[in-house]
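The structure under discussion appears below in the form of structure tokens.
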Amino acid sequence: MTAQYALRAIVFLAKRSPPFANRMSIAEATLVPNEYLQKVLNGLEVAGIVSSKRGPGGGYALVGSPEKLTVYEVVTSFDSIPRIKTCPLGISEHQRLCPLHQMLDDLSAQLADSLRTTTISDLMVAKAQTCGFPMVDHE
């Protein structure tokens, strides 16, 4: 859920003008619990994806361009995409992955590649809004 919440917040911030939004506005518009959003925004700030500013007109803003920021960068700022390098069962005789574990590792690699080639701006197209996600600016 953390990565999903982070992506919601990033898409919201990418659509903002002016760029800064307070945490309550982000929480209301993205349907992310306010308390949990603090953890998410802190992680995004540590990763250099958002910046924060205190005081009137402050809040959080996207640091870079949504055309350059990838979904992979957002997701992996919280957790890595798991890969299978050795036999998950610990069988020492397995020098190579069995077909099942190789397929699962291949799927992880495909997922990572897909996330690397999808930018935040790709998520902002009008057709992506059909899920009913509000994205309402409450400020």
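Letters A, B, ... mark the chains of the structure tokens in the order given; residue numbers begin at 1 per chain; ligand numbers begin at 1, in order shown.
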Tell me which protein, DNA and RNA residues are within 9 Å of range 55-64 of chain A, counting only C-alpha atoms, leaving out same-chain ones fewer than 5 positions away, and put them as a list in words. Ile10, Leu13, Ala14, Arg16, Pro18, Pro19, Phe20, Ala21, Asn22, Arg23, Ile26, Leu41, Glu45, Gly48, Ile49, Val50 and Leu69 of chain A
Based on the selection just made, write N, CA and C atoms of those residues as an mmCIF file, in the first residue's frame.
data_model
loop_
_atom_site.group_PDB
_atom_site.id
_atom_site.type_symbol
_atom_site.label_atom_id
_atom_site.label_comp_id
_atom_site.auth_asym_id
_atom_site.auth_seq_id
_atom_site.Cartn_x
_atom_site.Cartn_y
_atom_site.Cartn_z
ATOM 1 N N ILE A 10 2.167 11.526 -5.618
ATOM 2 C CA ILE A 10 3.040 12.083 -6.656
ATOM 3 C C ILE A 10 2.216 12.558 -7.851
ATOM 4 N N LEU A 13 0.578 15.805 -6.852
ATOM 5 C CA LEU A 13 1.527 16.913 -6.824
ATOM 6 C C LEU A 13 1.982 17.300 -8.227
ATOM 7 N N ALA A 14 2.082 16.330 -9.114
ATOM 8 C CA ALA A 14 2.511 16.615 -10.488
ATOM 9 C C ALA A 14 1.491 17.468 -11.232
ATOM 10 N N ARG A 16 -0.330 19.842 -9.822
ATOM 11 C CA ARG A 16 -0.582 21.084 -9.074
ATOM 12 C C ARG A 16 0.053 22.306 -9.693
ATOM 13 N N PRO A 18 -0.282 26.290 -7.978
ATOM 14 C CA PRO A 18 1.133 26.277 -7.627
ATOM 15 C C PRO A 18 1.575 24.908 -7.125
ATOM 16 N N PRO A 19 2.882 24.673 -7.114
ATOM 17 C CA PRO A 19 3.370 23.321 -6.856
ATOM 18 C C PRO A 19 3.194 22.810 -5.433
ATOM 19 N N PHE A 20 3.166 23.681 -4.421
ATOM 20 C CA PHE A 20 3.111 23.203 -3.034
ATOM 21 C C PHE A 20 1.676 22.938 -2.586
ATOM 22 N N ALA A 21 1.503 21.824 -1.868
ATOM 23 C CA ALA A 21 0.207 21.456 -1.286
ATOM 24 C C ALA A 21 0.440 20.966 0.129
ATOM 25 N N ASN A 22 -0.467 21.338 1.037
ATOM 26 C CA ASN A 22 -0.302 20.852 2.398
ATOM 27 C C ASN A 22 -0.760 19.397 2.498
ATOM 28 N N ARG A 23 -0.308 18.748 3.543
ATOM 29 C CA ARG A 23 -0.565 17.312 3.711
ATOM 30 C C ARG A 23 -2.051 16.997 3.767
ATOM 31 N N ILE A 26 -3.497 16.957 0.280
ATOM 32 C CA ILE A 26 -3.049 15.758 -0.441
ATOM 33 C C ILE A 26 -3.835 14.548 0.045
ATOM 34 N N LEU A 41 5.244 10.778 2.668
ATOM 35 C CA LEU A 41 5.889 12.010 2.222
ATOM 36 C C LEU A 41 7.307 12.132 2.764
ATOM 37 N N GLU A 45 10.590 12.454 0.508
ATOM 38 C CA GLU A 45 11.524 13.564 0.686
ATOM 39 C C GLU A 45 12.956 13.041 0.863
ATOM 40 N N GLY A 48 14.469 12.251 -2.292
ATOM 41 C CA GLY A 48 14.696 13.396 -3.171
ATOM 42 C C GLY A 48 13.633 13.574 -4.242
ATOM 43 N N ILE A 49 12.482 12.953 -4.042
ATOM 44 C CA ILE A 49 11.405 13.020 -5.027
ATOM 45 C C ILE A 49 10.482 14.198 -4.762
ATOM 46 N N VAL A 50 10.279 14.539 -3.484
ATOM 47 C CA VAL A 50 9.503 15.724 -3.121
ATOM 48 C C VAL A 50 10.350 16.604 -2.211
ATOM 49 N N LEU A 69 10.452 11.511 -14.087
ATOM 50 C CA LEU A 69 10.333 10.662 -12.906
ATOM 51 C C LEU A 69 9.595 9.384 -13.266
#
With a distance cut-off of 10 Å and only C-alpha atoms, select the neighbouring residues of range 108-124 of chain A, excluding the residue or stretch itself and same-chain residues fewer than 4 positions from it, and output the selection as an mmCIF file with C-alpha atoms, in the first residue's frame.
data_model
loop_
_atom_site.group_PDB
_atom_site.id
_atom_site.type_symbol
_atom_site.label_atom_id
_atom_site.label_comp_id
_atom_site.auth_asym_id
_atom_site.auth_seq_id
_atom_site.Cartn_x
_atom_site.Cartn_y
_atom_site.Cartn_z
ATOM 1 C CA LEU A 7 2.086 7.148 -6.463
ATOM 2 C CA ARG A 8 -1.265 8.766 -5.675
ATOM 3 C CA ILE A 10 3.040 12.083 -6.656
ATOM 4 C CA VAL A 11 0.400 12.213 -9.401
ATOM 5 C CA PHE A 12 -1.547 14.750 -7.359
ATOM 6 C CA ALA A 14 2.511 16.615 -10.488
ATOM 7 C CA LYS A 15 -0.832 18.144 -11.503
ATOM 8 C CA SER A 65 9.614 16.712 -13.906
ATOM 9 C CA PRO A 66 6.778 14.154 -14.161
ATOM 10 C CA GLU A 67 8.062 13.399 -17.671
ATOM 11 C CA LYS A 68 11.383 12.190 -16.220
ATOM 12 C CA LEU A 69 10.333 10.662 -12.906
ATOM 13 C CA THR A 70 9.563 6.962 -13.285
ATOM 14 C CA VAL A 71 7.160 4.781 -11.361
ATOM 15 C CA TYR A 72 10.168 2.573 -10.584
ATOM 16 C CA GLU A 73 11.907 5.438 -8.752
ATOM 17 C CA VAL A 74 8.835 6.077 -6.615
ATOM 18 C CA VAL A 75 8.159 2.413 -5.833
ATOM 19 C CA THR A 76 11.766 1.528 -5.054
ATOM 20 C CA SER A 80 12.962 -3.186 -3.879
ATOM 21 C CA ILE A 81 11.435 -5.390 -6.555
ATOM 22 C CA PRO A 82 12.239 -8.898 -5.281
ATOM 23 C CA ARG A 83 14.387 -11.072 -7.528
ATOM 24 C CA ILE A 84 15.184 -14.755 -7.134
ATOM 25 C CA GLN A 102 12.924 -18.922 -13.110
ATOM 26 C CA MET A 103 9.490 -17.909 -14.389
ATOM 27 C CA LEU A 104 8.794 -15.968 -11.174
ATOM 28 C CA ALA A 128 -6.210 6.964 -16.366
ATOM 29 C CA GLN A 129 -8.871 8.883 -14.450
#
Among range 40-109 of chain A, which ones does DSSP place in helix (DSSP H, G or I), written as a ChimeraX atom specification? /A:40-46,71-75,99-109
Test item, strand (DSSP E) assignment across range 13-135 of chain A, answer as an MDAnalysis selection string: chainID A and resid 50:53 59:62
Just all heavy atoms for this one: save the residues we selected as a CSV table (one decimal), in the first residue's frame.
chain,number,residue,atom,x,y,z
A,50,VAL,N,10.3,14.5,-3.5
A,50,VAL,CA,9.5,15.7,-3.1
A,50,VAL,C,10.3,16.6,-2.2
A,50,VAL,O,11.3,16.1,-1.6
A,50,VAL,CB,8.2,15.4,-2.4
A,50,VAL,CG1,7.3,14.5,-3.3
A,50,VAL,CG2,8.4,14.7,-1.1
A,51,SER,N,10.0,17.8,-2.1
A,51,SER,CA,10.6,18.8,-1.2
A,51,SER,C,9.5,19.3,-0.3
A,51,SER,O,8.3,19.3,-0.7
A,51,SER,CB,11.3,19.9,-1.9
A,51,SER,OG,10.4,20.7,-2.6
A,52,SER,N,9.8,19.8,0.8
A,52,SER,CA,8.8,20.4,1.7
A,52,SER,C,9.3,21.8,2.1
A,52,SER,O,10.4,22.2,2.0
A,52,SER,CB,8.7,19.6,3.0
A,52,SER,OG,9.8,19.6,3.8
A,53,LYS,N,8.3,22.7,2.4
A,53,LYS,CA,8.5,24.0,2.8
A,53,LYS,C,7.5,24.4,3.9
A,53,LYS,O,6.3,24.1,3.7
A,53,LYS,CB,8.3,24.9,1.5
A,53,LYS,CG,8.5,26.4,1.8
A,53,LYS,CD,8.5,27.2,0.5
A,53,LYS,CE,7.1,27.6,0.1
A,53,LYS,NZ,7.0,28.5,-1.0
A,59,GLY,N,4.2,23.4,2.2
A,59,GLY,CA,3.6,22.0,2.0
A,59,GLY,C,4.7,21.2,1.3
A,59,GLY,O,5.9,21.3,1.6
A,60,TYR,N,4.2,20.4,0.4
A,60,TYR,CA,5.0,19.5,-0.4
A,60,TYR,C,4.9,19.7,-1.9
A,60,TYR,O,3.8,20.1,-2.3
A,60,TYR,CB,4.7,18.0,-0.1
A,60,TYR,CG,4.9,17.6,1.4
A,60,TYR,CD1,3.9,17.8,2.3
A,60,TYR,CD2,6.1,17.1,1.7
A,60,TYR,CE1,4.2,17.5,3.7
A,60,TYR,CE2,6.4,16.7,3.1
A,60,TYR,CZ,5.4,17.0,4.0
A,60,TYR,OH,5.6,16.6,5.3
A,61,ALA,N,6.0,19.5,-2.6
A,61,ALA,CA,6.0,19.7,-4.0
A,61,ALA,C,6.9,18.7,-4.7
A,61,ALA,O,7.9,18.2,-4.1
A,61,ALA,CB,6.5,21.1,-4.4
A,62,LEU,N,6.6,18.3,-5.9
A,62,LEU,CA,7.4,17.4,-6.7
A,62,LEU,C,8.7,18.1,-7.0
A,62,LEU,O,8.7,19.3,-7.4
A,62,LEU,CB,6.6,17.0,-7.9
A,62,LEU,CG,7.2,16.0,-8.8
A,62,LEU,CD1,7.3,14.6,-8.1
A,62,LEU,CD2,6.3,15.8,-10.1
Excluding Asn34 in chain A and residues on its chain fewer than 3 positions from it, collect all residues at most 12 Å away from it, counting only C-alpha atoms, and give them as a count of residues only. 17
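The space separating CA of Gln4 in chain A from CA of Val125 in chain A comes to 17.3 Å.
Nearest residue to Met1 in chain A, choosing from A:Asp106, A:His94, A:Ala47, A:Phe78 and counting only C-alpha atoms: A:Phe78.
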Any idea what the distance is between CA of Thr2 in chain A and CA of Asp79 in chain A? 9.2 Å
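Of note, CA of Ser17 in chain A and CA of Asn42 in chain A are spaced 21.4 Å apart.
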